[in-house]
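K.L.:
I am sharing coords.tsv, which consists of TSV, C-alpha atoms:
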```
chain	number	residue	atom	x	y	z
A	1	MET	CA	42.69	25.64	8.65
A	2	SER	CA	44.27	22.20	8.36
A	3	GLN	CA	44.74	20.23	5.17
A	4	ALA	CA	42.05	17.78	6.38
A	5	ASP	CA	39.57	20.62	6.83
A	6	LEU	CA	40.35	21.90	3.36
A	7	THR	CA	39.89	18.45	1.87
A	8	MET	CA	36.63	17.90	3.75
A	9	GLU	CA	35.33	21.31	2.74
A	10	GLY	CA	36.20	20.70	-0.88
A	11	HIS	CA	34.57	17.28	-0.78
A	12	THR	CA	31.36	18.66	0.72
A	13	THR	CA	31.22	21.42	-1.84
A	14	GLY	CA	31.61	18.85	-4.57
A	15	LEU	CA	28.74	16.74	-3.23
A	16	THR	CA	26.31	19.60	-2.87
A	17	ALA	CA	27.29	21.54	-5.97
A	18	GLY	CA	24.10	20.57	-7.82
A	19	PRO	CA	21.69	17.77	-8.56
A	20	ALA	CA	23.05	14.59	-10.12
A	21	PHE	CA	23.29	14.69	-13.93
A	22	SER	CA	22.14	18.35	-13.75
A	23	ILE	CA	18.49	17.32	-13.78
A	24	PRO	CA	15.90	18.24	-11.13
A	25	THR	CA	15.76	15.96	-8.11
A	26	LYS	CA	12.11	14.99	-8.65
A	27	LYS	CA	12.83	13.97	-12.21
A	28	LEU	CA	15.86	11.94	-11.13
A	29	ALA	CA	13.68	10.24	-8.49
A	30	ILE	CA	11.01	9.22	-11.02
A	31	TRP	CA	13.70	7.93	-13.38
A	32	LEU	CA	15.19	5.81	-10.60
A	33	PHE	CA	11.69	4.50	-9.85
A	34	ILE	CA	11.21	3.71	-13.55
A	35	ILE	CA	14.51	1.83	-13.68
A	36	ALA	CA	13.54	-0.16	-10.57
A	37	ASP	CA	10.08	-0.88	-11.98
A	38	THR	CA	11.66	-1.98	-15.25
A	39	MET	CA	13.49	-4.63	-13.25
A	40	THR	CA	10.24	-5.75	-11.62
A	41	PHE	CA	8.41	-6.16	-14.92
A	42	SER	CA	11.46	-7.71	-16.57
A	43	ALA	CA	11.74	-10.28	-13.80
A	44	CYS	CA	8.03	-11.14	-14.22
A	45	LEU	CA	8.33	-11.45	-18.01
A	46	VAL	CA	11.55	-13.48	-17.85
A	47	ALA	CA	9.94	-15.84	-15.31
A	48	TYR	CA	6.90	-16.11	-17.57
A	49	GLY	CA	9.13	-16.86	-20.57
A	50	PHE	CA	10.99	-19.51	-18.57
A	51	LEU	CA	7.72	-21.23	-17.64
A	52	ARG	CA	6.24	-20.94	-21.13
A	53	ASN	CA	9.36	-22.34	-22.73
A	54	GLY	CA	9.68	-25.20	-20.25
A	55	THR	CA	6.01	-26.27	-20.21
A	56	PRO	CA	4.98	-28.58	-23.09
A	57	ASP	CA	1.19	-28.13	-22.78
A	58	TRP	CA	1.21	-24.33	-22.62
A	59	PRO	CA	-2.28	-23.15	-23.68
A	60	ARG	CA	-3.14	-20.69	-26.47
A	61	PRO	CA	-6.52	-19.43	-25.33
A	62	PHE	CA	-6.83	-16.13	-27.23
A	63	HIS	CA	-9.07	-16.36	-30.30
A	64	SER	CA	-9.48	-12.68	-31.05
A	65	ILE	CA	-7.07	-9.75	-31.06
A	66	THR	CA	-9.77	-7.08	-31.23
A	67	ASN	CA	-9.81	-6.30	-27.53
A	68	VAL	CA	-6.05	-6.21	-27.06
A	69	ALA	CA	-5.61	-4.17	-30.27
A	70	LEU	CA	-8.11	-1.62	-29.03
A	71	MET	CA	-6.40	-1.52	-25.62
A	72	THR	CA	-3.03	-0.96	-27.32
A	73	PHE	CA	-4.42	1.84	-29.48
A	74	ILE	CA	-5.99	3.56	-26.46
A	75	LEU	CA	-2.81	3.36	-24.37
A	76	LEU	CA	-0.57	4.61	-27.20
A	77	THR	CA	-2.96	7.47	-27.90
A	78	SER	CA	-3.05	8.36	-24.20
A	79	SER	CA	0.74	8.82	-24.33
A	80	LEU	CA	0.24	11.34	-27.12
A	81	THR	CA	-2.45	13.23	-25.18
A	82	MET	CA	-0.10	13.26	-22.18
A	83	LEU	CA	2.55	14.91	-24.37
A	84	PHE	CA	-0.01	17.50	-25.48
A	85	GLY	CA	-0.81	18.14	-21.83
A	86	LEU	CA	2.86	18.69	-21.02
A	87	ARG	CA	3.29	20.96	-24.04
A	88	SER	CA	0.30	23.06	-22.93
A	89	ALA	CA	1.61	23.20	-19.36
A	90	ARG	CA	5.04	24.35	-20.58
A	91	ALA	CA	3.31	27.03	-22.67
A	92	GLY	CA	1.42	28.22	-19.58
A	93	ASP	CA	-1.99	27.21	-20.97
A	94	LYS	CA	-3.49	25.82	-17.77
A	95	ALA	CA	-6.93	25.06	-19.15
A	96	ALA	CA	-5.56	23.06	-22.09
A	97	ALA	CA	-3.03	21.24	-19.89
A	98	PHE	CA	-5.78	20.25	-17.47
A	99	ARG	CA	-8.05	19.17	-20.35
A	100	TRP	CA	-5.36	16.98	-21.96
A	101	THR	CA	-4.46	15.47	-18.59
A	102	MET	CA	-8.10	14.55	-17.97
A	103	ILE	CA	-8.39	13.11	-21.50
A	104	THR	CA	-5.36	10.96	-20.70
A	105	ALA	CA	-7.02	9.84	-17.46
A	106	ALA	CA	-10.22	8.99	-19.38
A	107	ALA	CA	-8.17	6.90	-21.81
A	108	GLY	CA	-6.61	5.11	-18.84
A	109	ILE	CA	-10.07	4.39	-17.45
A	110	ALA	CA	-11.21	3.04	-20.84
A	111	PHE	CA	-8.13	0.82	-20.97
A	112	ALA	CA	-8.78	-0.49	-17.46
A	113	LEU	CA	-12.43	-1.22	-18.24
A	114	LEU	CA	-11.49	-3.17	-21.38
A	115	HIS	CA	-8.91	-5.04	-19.37
A	116	VAL	CA	-11.42	-5.96	-16.67
A	117	ARG	CA	-13.90	-7.06	-19.35
A	118	GLU	CA	-11.24	-9.35	-20.79
A	119	TRP	CA	-10.41	-10.76	-17.36
A	120	LEU	CA	-14.09	-11.47	-16.66
A	121	GLY	CA	-14.40	-13.26	-20.01
A	122	LEU	CA	-11.46	-15.52	-19.17
A	123	ILE	CA	-12.74	-16.12	-15.63
A	124	ASN	CA	-16.15	-17.10	-17.05
A	125	GLU	CA	-14.37	-19.63	-19.28
A	126	GLY	CA	-12.96	-21.22	-16.12
A	127	MET	CA	-9.54	-19.60	-15.82
A	128	THR	CA	-8.28	-18.75	-12.33
A	129	LEU	CA	-4.90	-18.13	-10.74
A	130	PHE	CA	-4.43	-21.86	-10.22
A	131	LYS	CA	-6.19	-23.62	-13.09
A	132	ASN	CA	-7.60	-23.25	-16.56
A	133	PRO	CA	-9.50	-25.61	-18.86
A	134	TRP	CA	-6.83	-25.59	-21.59
A	135	GLY	CA	-3.71	-26.92	-19.85
A	136	THR	CA	-1.22	-26.01	-17.18
A	137	GLY	CA	-2.45	-23.83	-14.34
A	138	LEU	CA	0.77	-21.84	-14.59
A	139	PHE	CA	-0.77	-19.95	-17.49
A	140	GLY	CA	-3.49	-18.42	-15.30
A	141	ALA	CA	-0.97	-17.55	-12.59
A	142	SER	CA	1.44	-15.82	-14.95
A	143	PHE	CA	-1.27	-14.11	-17.02
A	144	PHE	CA	-3.10	-12.63	-14.04
A	145	SER	CA	0.16	-11.69	-12.28
A	146	ILE	CA	1.68	-9.81	-15.20
A	147	THR	CA	-1.47	-8.15	-16.51
A	148	GLY	CA	-2.62	-7.49	-12.93
A	149	LEU	CA	0.65	-5.75	-12.12
A	150	HIS	CA	0.28	-3.65	-15.24
A	151	LEU	CA	-3.37	-2.89	-14.52
A	152	THR	CA	-2.37	-1.77	-11.03
A	153	HIS	CA	0.10	0.66	-12.58
A	154	VAL	CA	-2.57	1.99	-14.93
A	155	THR	CA	-5.03	2.44	-12.04
A	156	VAL	CA	-2.45	4.25	-9.92
A	157	GLY	CA	-1.58	6.36	-12.96
A	158	VAL	CA	-5.22	7.35	-13.51
A	159	ILE	CA	-5.59	8.37	-9.85
A	160	ALA	CA	-2.34	10.35	-10.07
A	161	LEU	CA	-3.44	12.02	-13.34
A	162	ILE	CA	-6.67	13.21	-11.78
A	163	ALA	CA	-5.00	14.33	-8.53
A	164	VAL	CA	-2.07	16.10	-10.19
A	165	GLY	CA	-4.34	17.62	-12.85
A	166	LEU	CA	-6.65	19.09	-10.22
A	167	ARG	CA	-3.75	20.42	-8.16
A	168	TYR	CA	-2.12	21.86	-11.26
A	169	ARG	CA	-5.33	23.68	-12.13
A	170	GLY	CA	-5.53	24.92	-8.54
A	171	GLY	CA	-1.99	26.32	-8.77
A	172	ARG	CA	-0.37	23.97	-6.26
A	173	TYR	CA	1.58	22.01	-8.91
A	174	ASN	CA	3.46	23.28	-11.96
A	175	ALA	CA	4.52	22.00	-15.38
A	176	ASP	CA	7.40	20.03	-13.85
A	177	ASP	CA	4.90	17.89	-11.94
A	178	ILE	CA	2.97	17.23	-15.15
A	179	GLU	CA	6.24	16.19	-16.80
A	180	ILE	CA	7.11	13.79	-13.98
A	181	LEU	CA	3.65	12.24	-14.13
A	182	GLY	CA	4.02	12.00	-17.90
A	183	LEU	CA	7.25	10.03	-17.51
A	184	TYR	CA	5.39	7.50	-15.36
A	185	TRP	CA	2.52	7.28	-17.83
A	186	HIS	CA	4.84	6.74	-20.81
A	187	PHE	CA	6.59	4.01	-18.85
A	188	VAL	CA	3.26	2.22	-18.32
A	189	ASP	CA	2.75	2.45	-22.09
A	190	LEU	CA	6.28	1.16	-22.72
A	191	VAL	CA	5.71	-1.91	-20.54
A	192	TRP	CA	2.53	-2.72	-22.46
A	193	MET	CA	4.62	-2.92	-25.66
A	194	PHE	CA	6.27	-6.02	-24.20
A	195	VAL	CA	3.22	-7.50	-22.47
A	196	VAL	CA	1.15	-7.59	-25.68
A	197	PRO	CA	3.48	-9.72	-27.82
A	198	LEU	CA	4.75	-11.97	-25.05
A	199	VAL	CA	1.55	-12.62	-23.11
A	200	TYR	CA	-1.17	-12.18	-25.75
A	201	LEU	CA	0.13	-12.59	-29.29
A	202	LEU	CA	2.38	-15.58	-28.60
A	203	ASN	CA	-0.64	-17.31	-27.06
A	204	LEU	CA	-2.97	-16.67	-29.96
A	205	ALA	CA	-4.96	-19.72	-31.08
A	206	HIS	CA	-4.33	-20.41	-34.79
B	1	MET	CA	4.68	32.26	-37.79
B	2	THR	CA	7.12	33.31	-35.10
B	3	THR	CA	10.21	31.34	-34.21
B	4	VAL	CA	8.61	30.06	-31.02
B	5	GLU	CA	5.54	28.90	-32.90
B	6	GLY	CA	7.78	27.28	-35.46
B	7	HIS	CA	9.57	25.29	-32.76
B	8	LYS	CA	6.24	24.33	-31.23
B	9	SER	CA	4.93	23.13	-34.56
B	10	ASN	CA	8.10	21.10	-35.23
B	11	GLY	CA	7.85	19.53	-31.80
B	12	ILE	CA	4.28	18.41	-32.34
B	13	GLY	CA	5.22	17.09	-35.77
B	14	LYS	CA	7.99	14.98	-34.27
B	15	GLU	CA	5.73	13.66	-31.52
B	16	LEU	CA	3.00	12.81	-34.01
B	17	GLY	CA	5.57	11.10	-36.21
B	18	VAL	CA	6.81	8.98	-33.32
B	19	TYR	CA	3.20	8.17	-32.38
B	20	VAL	CA	2.44	6.99	-35.93
B	21	CYS	CA	5.65	4.92	-35.93
B	22	LEU	CA	4.64	3.32	-32.64
B	23	LEU	CA	1.18	2.52	-33.97
B	24	ALA	CA	2.70	1.01	-37.11
B	25	LEU	CA	5.15	-1.08	-35.10
B	26	ALA	CA	2.37	-2.26	-32.78
B	27	GLY	CA	0.39	-3.21	-35.89
B	28	LEU	CA	3.43	-5.07	-37.21
B	29	GLN	CA	3.46	-7.20	-34.07
B	30	PHE	CA	-0.14	-8.22	-34.78
B	31	VAL	CA	0.79	-9.09	-38.37
B	32	ILE	CA	3.69	-11.23	-37.15
B	33	ALA	CA	1.31	-13.03	-34.78
B	34	TYR	CA	-0.72	-14.26	-37.76
B	35	GLN	CA	2.27	-15.41	-39.80
B	36	ASN	CA	2.97	-19.10	-40.10
B	37	LEU	CA	6.11	-19.11	-37.95
B	38	ASP	CA	7.33	-21.35	-35.17
B	39	ALA	CA	7.26	-19.93	-31.63
B	40	SER	CA	10.97	-19.10	-31.42
B	41	GLN	CA	10.99	-17.15	-34.71
B	42	MET	CA	7.81	-15.35	-33.76
B	43	PHE	CA	9.21	-14.54	-30.33
B	44	SER	CA	12.46	-13.12	-31.68
B	45	ARG	CA	10.73	-10.96	-34.31
B	46	MET	CA	8.18	-9.62	-31.85
B	47	LEU	CA	10.89	-8.90	-29.29
B	48	VAL	CA	12.95	-6.92	-31.81
B	49	VAL	CA	9.88	-4.83	-32.72
B	50	ALA	CA	9.06	-4.30	-29.02
B	51	VAL	CA	12.62	-3.14	-28.31
B	52	VAL	CA	12.47	-0.65	-31.19
B	53	GLU	CA	9.12	0.62	-29.84
B	54	ALA	CA	10.55	0.94	-26.34
B	55	VAL	CA	13.62	2.84	-27.55
B	56	LEU	CA	11.43	5.25	-29.54
B	57	ALA	CA	9.10	5.82	-26.58
B	58	ALA	CA	11.98	6.31	-24.12
B	59	MET	CA	13.96	8.61	-26.38
B	60	PHE	CA	11.17	10.85	-27.69
B	61	PHE	CA	8.07	10.47	-25.51
B	62	MET	CA	10.09	10.38	-22.29
B	63	HIS	CA	12.57	12.89	-23.73
B	64	LEU	CA	15.59	10.83	-22.76
B	65	TRP	CA	17.26	11.92	-26.00
B	66	SER	CA	17.24	15.56	-24.90
B	67	GLU	CA	18.66	14.83	-21.43
B	68	LYS	CA	22.35	15.05	-20.63
B	69	ARG	CA	24.38	12.36	-22.40
B	70	GLY	CA	25.74	11.20	-19.03
B	71	PHE	CA	22.24	10.53	-17.76
B	72	LEU	CA	21.26	8.76	-20.98
B	73	LEU	CA	24.30	6.51	-20.64
B	74	PHE	CA	23.56	5.88	-16.95
B	75	VAL	CA	19.99	4.76	-17.69
B	76	ALA	CA	20.95	2.71	-20.74
B	77	ILE	CA	23.99	0.94	-19.31
B	78	PHE	CA	22.39	0.22	-15.93
B	79	THR	CA	19.15	-1.09	-17.45
B	80	ILE	CA	20.79	-3.19	-20.17
B	81	PHE	CA	23.27	-4.68	-17.70
B	82	VAL	CA	20.55	-5.81	-15.27
B	83	LEU	CA	18.33	-7.09	-18.09
B	84	LEU	CA	21.20	-9.16	-19.45
B	85	THR	CA	22.00	-10.64	-16.06
B	86	MET	CA	18.42	-11.92	-15.84
B	87	GLN	CA	18.96	-14.23	-18.81
B	88	TYR	CA	21.02	-16.89	-17.07
B	89	GLY	CA	18.12	-19.32	-16.55
B	90	TRP	CA	17.21	-20.09	-20.17
B	91	THR	CA	19.43	-23.12	-20.46
B	92	ASP	CA	17.54	-24.70	-17.57
B	93	SER	CA	14.26	-23.82	-19.23
B	94	PHE	CA	15.32	-25.71	-22.37
B	95	ARG	CA	16.49	-28.63	-20.23
B	96	MET	CA	12.96	-28.91	-18.85
B	97	VAL	CA	11.65	-29.24	-22.41
B	98	SER	CA	14.19	-31.81	-23.49
B	99	GLY	CA	13.69	-33.83	-20.32
B	100	ALA	CA	17.35	-33.85	-19.35
B	101	PRO	CA	17.87	-35.25	-15.84
B	102	PHE	CA	18.86	-33.02	-12.95
B	103	SER	CA	22.40	-33.45	-11.64
B	104	LYS	CA	22.90	-35.30	-8.34
```
Have the structure of the file written as structure tokens, please.
P.N.:
Amino acid sequence: MSQADLTMEGHTTGLTAGPAFSIPTKKLAIWLFIIADTMTFSACLVAYGFLRNGTPDWPRPFHSITNVALMTFILLTSSLTMLFGLRSARAGDKAAAFRWTMITAAAGIAFALLHVREWLGLINEGMTLFKNPWGTGLFGASFFSITGLHLTHVTVGVIALIAVGLRYRGGRYNADDIEILGLYWHFVDLVWMFVVPLVYLLNLAH
Amino acid sequence: MTTVEGHKSNGIGKELGVYVCLLALAGLQFVIAYQNLDASQMFSRMLVVAVVEAVLAAMFFMHLWSEKRGFLLFVAIFTIFVLLTMQYGWTDSFRMVSGAPFSK
């Protein structure tokens, strides 16, 4: 065997010795997705901040925090129920894991319904993607883009929760799949922590 | 209580503690929103609270703290680096406010 063969063999062995960072491949994949999605949301929020800062007549249309406070509470609580689901799955309690996963999905649905109700209220007041009665049309564009992107993530998350929960109960998925789904759901929660202050609370009418 | 049950109980306690902290921090953001502050002060305070919330959620809800240190560093360094490189446009944003002319 030549020195080149030895080097190549050693190199190949090194590459296939195990998963990167010694974590399962599926988990690494969801983390890479989360990092990429962080960039997407960050780019949206930075662009929104740029526009808000550079636009003198930026509107402050929100008069009440009740709806957004309730949405925040529901989403934070759904992260906790997701953790309970993962804990039950790790303990091998399939019924409890399925129940907690479905409770998390129900919380996601409640969040989405509140979000849609808020959107409809703003649309009824005359706000669209291109105009609003309070000032620059950029507000409508940025508000619907950022909250719409987040709502899309919540909707996809709810569908995934139901699908993975059912498959977990049927024995096709295991606790690792619940954990991976949980990482996605916590990320959706994490993004909301930035959307609330920047998009809602900074635009509160005083 | 067995050792396993003890660990389980501790784990739930920690998760509940983090959840309560997150709720309190989210509430703090709402309190800041009603304070008589100018936009830049309000923005900076809310952003600091949001970052603390995000770190708590990532470390304990997403279990990043219990992953390998190399992976934690990879996620943190990569994310912070890209987030920082997105901040180059703020000077232009302030120029729009102050009405400074564009260069020819």
K.L.:
Kindly indicate which residue among B:Trp65, B:Ala50, B:Val55, B:Thr91 lies nearest to chain A, using all atoms listed in the file for the distances.
P.N.:
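Closest to chain A of all the choices is B:Ala50.
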K.L.:
Might I get the box with edges along x, y and z of the file that holds all atoms of segment 33-41 of chain B listed there, padded by 4 Å on every side, given as centre and edge lengths in Å to one decimal, as AutoDock Vina command-line options?
P.N.:
```
--center_x 5.1 --center_y -17.2 --center_z -35.8 --size_x 19.7 --size_y 16.3 --size_z 16.7
```
K.L.:
I need the chain B residues near chain A as a list of chain:residue names; criterion: at most 6 Å, counting all atoms listed in the file.
P.N.:
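On the chain B side, the interface is B:Ala33, B:Ala50, B:Ala54, B:Met62, B:Phe71, B:Ser93, B:Met96, B:Val97.
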K.L.:
Compare A:Arg90, A:Arg169, A:Arg117, A:His153 by their minimum atom-to-atom distance to Met71 of chain A, counting all atoms listed in the file, and give me the closest one.
P.N.:
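Of the candidates, the smallest distance to Met71 of chain A is held by A:Arg117.
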K.L.:
Out of A:Leu181, A:Thr40, A:Asp93, A:Ser88, which residue has the shortest atom-to-atom distance to Val156 of chain A when counting all atoms listed in the file?
P.N.:
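Of the candidates, the smallest distance to Val156 of chain A is held by A:Leu181.
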K.L.:
Please compute the atom CA of Val51 of chain B-atom CA of Phe78 of chain B distance, one decimal, in Å.
P.N.:
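According to the coordinates, atom CA of Val51 of chain B and atom CA of Phe78 of chain B are separated by 16.1 Å.
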K.L.:
Smallest atom-to-atom distance to Leu70 of chain A: which of B:Leu28, B:Arg69, B:Leu23, B:Asp38, using only C-alpha atoms?
P.N.:
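The answer is B:Leu23, which sits nearest to Leu70 of chain A.
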K.L.:
Env of Phe139 of chain A: 10 Å cut, atoms = all atoms listed in the file, seq-sep filter 6 positions within chain, self excluded. Answer as a PDB file with C-alpha atoms, keeping the file's coordinate frame.
P.N.:
```pdb
ATOM      1  CA  TYR A  48       6.900 -16.110 -17.570  1.00  0.00           C
ATOM      2  CA  LEU A  51       7.720 -21.230 -17.640  1.00  0.00           C
ATOM      3  CA  ARG A  52       6.240 -20.940 -21.130  1.00  0.00           C
ATOM      4  CA  THR A  55       6.010 -26.270 -20.210  1.00  0.00           C
ATOM      5  CA  ASP A  57       1.190 -28.130 -22.780  1.00  0.00           C
ATOM      6  CA  TRP A  58       1.210 -24.330 -22.620  1.00  0.00           C
ATOM      7  CA  PRO A  59      -2.280 -23.150 -23.680  1.00  0.00           C
ATOM      8  CA  ARG A  60      -3.140 -20.690 -26.470  1.00  0.00           C
ATOM      9  CA  PRO A  61      -6.520 -19.430 -25.330  1.00  0.00           C
ATOM     10  CA  MET A 127      -9.540 -19.600 -15.820  1.00  0.00           C
ATOM     11  CA  THR A 128      -8.280 -18.750 -12.330  1.00  0.00           C
ATOM     12  CA  LEU A 129      -4.900 -18.130 -10.740  1.00  0.00           C
ATOM     13  CA  PHE A 130      -4.430 -21.860 -10.220  1.00  0.00           C
ATOM     14  CA  LYS A 131      -6.190 -23.620 -13.090  1.00  0.00           C
ATOM     15  CA  ASN A 132      -7.600 -23.250 -16.560  1.00  0.00           C
ATOM     16  CA  SER A 145       0.160 -11.690 -12.280  1.00  0.00           C
ATOM     17  CA  VAL A 199       1.550 -12.620 -23.110  1.00  0.00           C
ATOM     18  CA  ASN A 203      -0.640 -17.310 -27.060  1.00  0.00           C
TER      19      ASN A 203
END
```
K.L.:
Calculate how many Å separate atom CA of Tyr168 of chain A from atom CA of His63 of chain B, rounding to one decimal.
P.N.:
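Pair atom CA of Tyr168 of chain A / atom CA of His63 of chain B returns 21.3 Å.
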K.L.:
Could you work out how far atom CA of Thr79 of chain B lies from atom CA of Phe111 of chain A, giving the answer in Å with one decimal?
P.N.:
27.6 Å
K.L.:
Rank nothing, just name the residue among A:Ala89, A:Leu45, A:Val188, A:Ile109 nearest to Ser142 of chain A, using only C-alpha atoms.
P.N.:
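Nearest to Ser142 of chain A: A:Leu45.
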